[in-house]
Amino acid sequence: MPALKAAEDALKVLDKKQIDLLKAMKKPPNVIRVVMRALCLLMYPNPTEKTKNQETLKMEVDWWAASMKLLANPKLLDDLLEYKV
């Protein structure tokens with residue numbers, strides 16, 4: 001599984017500085033939002049953070065707020081490396 005090995009190698013070069021950079025973003029680029037939403041679905045599948053959509057007036061999951069909660073985990077990188085597919 002070369003793709004899995006490449007993903008593990010990519011995780012190993014990340015450190016707390018990069019996580020802190022993500023946490024500092026108020027409005028991250030869409031690609032970061034998409035990746036973080038995918039991580040939330042894997043690691044935090046039932047987020048409780050909700051916001052009201054101003055167009056539909058419905059309550060929706062605030063994936064960035066859920067991402068912030070996930071990024072606050074000091075063991076996030078270790079948990080991702082140990083994640084069982």
# chains A, B, ... in the order shown; residues from 1 in each chain; ligands from 1
>>> select_by_dssp(residues="chain A", states="strand (DSSP E)", output="list of chain:residue names")
A:Lys50, A:Thr51, A:Lys52, A:Met59, A:Glu60, A:Val61
>>> residues_around(residues="A:Glu60", least_positions_apart="6", cutoff="7 Å", atoms="only C-alpha atoms", output="count of residues only")
4
>>> closest_residue(among="A:Ser67, A:Lys16, A:Ala6, A:Lys58", to="A:Val35", atoms="only C-alpha atoms")
A:Ser67
>>> closest_residue(among="A:Trp63, A:Val31, A:Ile19, A:Val13", to="A:Lys75", atoms="only C-alpha atoms")
A:Ile19
>>> select_by_dssp(residues="chain A", states="helix (DSSP H, G or I)", output="number ranges by chain")
A: 2-12, 16-24, 30-43, 63-71, 76-82
>>> closest_residue(among="A:Met59, A:Leu11, A:Leu71, A:Val85", to="A:Met36", atoms="only C-alpha atoms")
A:Leu71
>>> closest_residue(among="A:Val34, A:Leu4, A:Leu57, A:Leu39", to="A:Leu77", atoms="only C-alpha atoms")
A:Leu39
>>> closest_residue(among="A:Val61, A:Leu42, A:Ala7, A:Met68", to="A:Pro28", atoms="only C-alpha atoms")
A:Met68
>>> closest_residue(among="A:Glu82, A:Leu70, A:Leu76, A:Ala10", to="A:Leu41", atoms="only C-alpha atoms")
A:Leu70
